[in-house]
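Presented below is the structure to which this report refers.
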Amino acid sequence: MSFPQSFNAVRATSLVVGCAALLAVSLTATAQLETDAEKLGYTIGMDIGNSLKQQSADLDLDAMIAAIRAVYEGNETELTVEEAASIRESFIQQQSENAAAERAAELAENKAEGEAFLAENAKRDGVFVTDSGLQYEVIEAGDGAKPAVTDTVTVHYRGKLLDGREFDSSYSRGEPAKFPLSGVIPGWTEGVQLMSPGATYKFFIPAELAYGERGAGQMIGPNSTLIFDVELLEIADQSATE
């Protein structure tokens, strides 16, 4: 998962300060990088460059190098420590505000996309909508008792985003998943209770019944509507008492 920009700003600043002395040896390095000091300085410079590249900041590299050289050689700097601290804090604050704005835009975009999809999907033949807003489609009916929220079930499943990208699959792992129905997202807890062993359903889960505004992992963004293919293999607790 990508780090918030404000975190990257702090990390980049700390990295520059902490490695200034080592980076300084690379400032006169030739293309051959013959000495160990030159190679080390260039390597650290690559790390810092990659970190700073993520900031999308209006950064003057010549000024940064001049500051590194001044500090490393013990010369007077163009800015006081207090001035530099103020500039750094303003930069971090701006990065934080930018990240908040980007997140708000992503929340709104994903919410609108999910609502539009579900509105159209609900019109399709064979799609059922529960009171909570969960949508499901029966691909294959099962037989027998349905699980309760207190049961543990064994399932095969495949989860996708609205754009078709798969973010999780027990089929890909080659083994089914087993879990208590009380310990999963609300859309699963409700949906699997509609199924009997042997059934395969497709769930269309609104964000509020999935991971909500927080999202999950690297692929599931905030306010994401999710699609799952779920095959109920066994109700573990019921099987154990038969």
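Just remember, in the structure tokens the first chain shown is A, the second B, etc., residues are 1-based per chain, and ligands are 1-based in the order shown.
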What are the DSSP alpha helix (DSSP H) residues of stretch 31-167 of chain A, as a JSON list (two decimals) with C-alpha atoms, in the first residue's frame?
```
[["chain", "number", "residue", "atom", "x", "y", "z"],
["A", 36, "ASP", "CA", 34.04, 2.63, -2.90],
["A", 37, "ALA", "CA", 33.16, 6.09, -1.54],
["A", 38, "GLU", "CA", 31.94, 7.20, -4.96],
["A", 39, "LYS", "CA", 29.86, 4.06, -5.40],
["A", 40, "LEU", "CA", 28.36, 4.38, -1.92],
["A", 41, "GLY", "CA", 27.56, 8.06, -2.42],
["A", 42, "TYR", "CA", 25.91, 7.37, -5.78],
["A", 43, "THR", "CA", 23.88, 4.50, -4.33],
["A", 44, "ILE", "CA", 22.58, 6.65, -1.50],
["A", 45, "GLY", "CA", 21.89, 9.42, -3.98],
["A", 46, "MET", "CA", 19.72, 7.01, -5.99],
["A", 47, "ASP", "CA", 17.75, 6.14, -2.85],
["A", 48, "ILE", "CA", 17.19, 9.78, -1.99],
["A", 49, "GLY", "CA", 16.28, 10.59, -5.59],
["A", 50, "ASN", "CA", 13.67, 7.84, -5.67],
["A", 51, "SER", "CA", 12.20, 9.05, -2.38],
["A", 52, "LEU", "CA", 12.07, 12.69, -3.44],
["A", 53, "LYS", "CA", 10.58, 11.77, -6.80],
["A", 61, "LEU", "CA", 18.22, 19.90, -6.90],
["A", 62, "ASP", "CA", 21.05, 22.41, -7.29],
["A", 63, "ALA", "CA", 19.92, 24.21, -4.12],
["A", 64, "MET", "CA", 19.64, 20.92, -2.26],
["A", 65, "ILE", "CA", 23.15, 19.86, -3.30],
["A", 66, "ALA", "CA", 24.52, 23.26, -2.31],
["A", 67, "ALA", "CA", 22.96, 22.88, 1.14],
["A", 68, "ILE", "CA", 24.37, 19.38, 1.54],
["A", 69, "ARG", "CA", 27.83, 20.58, 0.62],
["A", 70, "ALA", "CA", 27.62, 23.56, 2.96],
["A", 71, "VAL", "CA", 26.53, 21.44, 5.93],
["A", 72, "TYR", "CA", 29.02, 18.68, 5.17],
["A", 73, "GLU", "CA", 31.94, 21.07, 4.83],
["A", 81, "VAL", "CA", 17.87, 26.27, 11.27],
["A", 82, "GLU", "CA", 14.66, 28.04, 12.30],
["A", 83, "GLU", "CA", 13.91, 29.17, 8.73],
["A", 84, "ALA", "CA", 14.53, 25.68, 7.39],
["A", 85, "ALA", "CA", 12.25, 24.18, 10.04],
["A", 86, "SER", "CA", 9.46, 26.58, 9.08],
["A", 87, "ILE", "CA", 9.80, 25.76, 5.38],
["A", 88, "ARG", "CA", 9.86, 22.05, 6.13],
["A", 89, "GLU", "CA", 6.72, 22.27, 8.27],
["A", 90, "SER", "CA", 4.90, 24.26, 5.57],
["A", 91, "PHE", "CA", 5.85, 21.68, 2.96],
["A", 92, "ILE", "CA", 4.65, 18.78, 5.11],
["A", 93, "GLN", "CA", 1.40, 20.61, 5.85],
["A", 94, "GLN", "CA", 0.80, 21.23, 2.15],
["A", 95, "GLN", "CA", 1.52, 17.60, 1.33],
["A", 96, "SER", "CA", -0.91, 16.53, 4.03],
["A", 97, "GLU", "CA", -3.61, 18.81, 2.63],
["A", 98, "ASN", "CA", -2.99, 17.52, -0.89],
["A", 99, "ALA", "CA", -3.28, 13.92, 0.32],
["A", 100, "ALA", "CA", -6.55, 14.71, 2.12],
["A", 101, "ALA", "CA", -7.96, 16.31, -1.02],
["A", 102, "GLU", "CA", -6.94, 13.35, -3.15],
["A", 103, "ARG", "CA", -8.54, 10.93, -0.70],
["A", 104, "ALA", "CA", -11.77, 12.93, -0.62],
["A", 105, "ALA", "CA", -11.88, 12.88, -4.42],
["A", 106, "GLU", "CA", -11.27, 9.13, -4.47],
["A", 107, "LEU", "CA", -14.00, 8.55, -1.88],
["A", 108, "ALA", "CA", -16.51, 10.52, -3.91],
["A", 109, "GLU", "CA", -15.52, 8.94, -7.22],
["A", 110, "ASN", "CA", -15.68, 5.36, -5.92],
["A", 111, "LYS", "CA", -18.99, 5.99, -4.17],
["A", 112, "ALA", "CA", -20.58, 7.44, -7.31],
["A", 113, "GLU", "CA", -19.21, 4.63, -9.47],
["A", 114, "GLY", "CA", -20.50, 1.97, -7.08],
["A", 115, "GLU", "CA", -23.95, 3.51, -6.77],
["A", 116, "ALA", "CA", -24.30, 3.82, -10.55],
["A", 117, "PHE", "CA", -23.23, 0.21, -11.06],
["A", 118, "LEU", "CA", -25.59, -1.17, -8.43],
["A", 119, "ALA", "CA", -28.52, 0.86, -9.76],
["A", 120, "GLU", "CA", -28.09, -0.67, -13.21],
["A", 121, "ASN", "CA", -27.22, -4.13, -11.92]]
```
Task: Residue with smallest distance to A:Pro176 - pool A:Tyr157, A:Tyr211, A:Phe128, A:Phe203, counting only C-alpha atoms - done: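 Looking at the shortest contact to A:Pro176, the residue is A:Tyr157.
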Task: For atom CA of A:Phe167 and atom CA of A:Asp229, the interatomic separation in Å (one decimal) - done: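 About the pair atom CA of A:Phe167 and atom CA of A:Asp229: they are 12.3 Å apart.
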Would you mind listing, for every residue of stretch 24-140 of chain A within 12 Å of stretch 189-200 of chain A, the two atoms forming the shortest contact and the distance between them in Å to one decimal, using only C-alpha atoms, sorted by chain and ascending residue number, as JSON lines?
```
{"residue": "A:Phe128", "atom": "CA", "partner": "A:Gly191", "partner_atom": "CA", "distance": 11.0}
{"residue": "A:Val129", "atom": "CA", "partner": "A:Gly191", "partner_atom": "CA", "distance": 10.6}
{"residue": "A:Thr130", "atom": "CA", "partner": "A:Gly191", "partner_atom": "CA", "distance": 9.3}
{"residue": "A:Asp131", "atom": "CA", "partner": "A:Glu190", "partner_atom": "CA", "distance": 10.7}
{"residue": "A:Ser132", "atom": "CA", "partner": "A:Glu190", "partner_atom": "CA", "distance": 9.0}
{"residue": "A:Gly133", "atom": "CA", "partner": "A:Glu190", "partner_atom": "CA", "distance": 10.6}
{"residue": "A:Leu134", "atom": "CA", "partner": "A:Gly191", "partner_atom": "CA", "distance": 7.6}
{"residue": "A:Gln135", "atom": "CA", "partner": "A:Gly191", "partner_atom": "CA", "distance": 8.6}
{"residue": "A:Tyr136", "atom": "CA", "partner": "A:Gly191", "partner_atom": "CA", "distance": 7.6}
{"residue": "A:Glu137", "atom": "CA", "partner": "A:Thr200", "partner_atom": "CA", "distance": 8.8}
{"residue": "A:Val138", "atom": "CA", "partner": "A:Thr200", "partner_atom": "CA", "distance": 6.5}
{"residue": "A:Ile139", "atom": "CA", "partner": "A:Thr200", "partner_atom": "CA", "distance": 5.4}
{"residue": "A:Glu140", "atom": "CA", "partner": "A:Thr200", "partner_atom": "CA", "distance": 4.9}
```
Let me see the file: selected residues, N, CA and C atoms, as a compact mmCIF listing (two decimals), in the first residue's frame.
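And here's result-v1.txt as it stands now:
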```
# COMPACT_ATOMS: atom_id res chain seq x y z
N PHE A 128 -31.23 -10.27 -7.20
CA PHE A 128 -32.09 -9.98 -6.06
C PHE A 128 -31.41 -8.93 -5.18
N VAL A 129 -32.22 -8.09 -4.54
CA VAL A 129 -31.70 -7.04 -3.68
C VAL A 129 -32.33 -7.18 -2.30
N THR A 130 -31.51 -7.27 -1.27
CA THR A 130 -32.02 -7.40 0.09
C THR A 130 -32.27 -6.01 0.68
N ASP A 131 -32.87 -5.97 1.86
CA ASP A 131 -33.17 -4.70 2.52
C ASP A 131 -31.92 -3.90 2.83
N SER A 132 -30.81 -4.57 3.05
CA SER A 132 -29.57 -3.88 3.39
C SER A 132 -28.91 -3.24 2.17
N GLY A 133 -29.33 -3.67 0.97
CA GLY A 133 -28.69 -3.19 -0.25
C GLY A 133 -27.80 -4.23 -0.90
N LEU A 134 -27.59 -5.36 -0.25
CA LEU A 134 -26.82 -6.45 -0.85
C LEU A 134 -27.55 -6.96 -2.09
N GLN A 135 -26.81 -7.16 -3.15
CA GLN A 135 -27.36 -7.76 -4.36
C GLN A 135 -26.72 -9.13 -4.58
N TYR A 136 -27.55 -10.09 -5.03
CA TYR A 136 -26.99 -11.42 -5.28
C TYR A 136 -27.69 -12.07 -6.45
N GLU A 137 -26.97 -13.01 -7.03
CA GLU A 137 -27.47 -13.76 -8.17
C GLU A 137 -27.18 -15.24 -7.90
N VAL A 138 -28.17 -16.09 -8.08
CA VAL A 138 -28.00 -17.52 -7.86
C VAL A 138 -27.45 -18.15 -9.13
N ILE A 139 -26.21 -18.59 -9.07
CA ILE A 139 -25.59 -19.26 -10.21
C ILE A 139 -25.95 -20.73 -10.21
N GLU A 140 -25.90 -21.32 -9.02
CA GLU A 140 -26.29 -22.72 -8.85
C GLU A 140 -26.90 -22.89 -7.46
```
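The space separating atom CA of A:Ser169 from atom CA of A:Val155 comes to 10.7 Å.
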For A:Leu226, find every residue with an atom within 6 Å (counting only C-alpha atoms), except residues of its own chain fewer than 4 positions away, and show them as a CSV table (one decimal) with C-alpha atoms, in the first residue's frame.
```csv
chain,number,residue,atom,x,y,z
A,161,LEU,CA,-13.4,-5.0,-8.4
A,204,PHE,CA,-22.5,-7.5,-5.5
A,205,ILE,CA,-21.6,-5.8,-2.2
```
TODO: Mind giving me the straight-line distance from atom CA of A:Tyr171 to atom CA of A:Asp125 in Å, one decimal?
DONE: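 Those two atoms sit 27.3 Å apart.
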Task: Top pick for closest residue to A:Glu166, considering A:Leu59, A:Ala122, A:Leu232, A:Ile220 and counting only C-alpha atoms - done: A:Ile220
TODO: Name the residues of stretch 51-206 of chain A that come out as strand (DSSP E) in a backbone DSSP run; write them as an MDAnalysis selection string.
DONE: chainID A and resid 127:129 135:140 152:160 166:169 177:180 200:205
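Counting only C-alpha atoms and comparing A:Pro206, A:Met219, A:Arg214, A:Val153, the residue that lies closest to A:Val184 is A:Val153.
Nearest residue to A:Ser170 among A:Thr225, A:Ser182, A:Thr154, A:Gln32 is A:Thr154, counting only C-alpha atoms.
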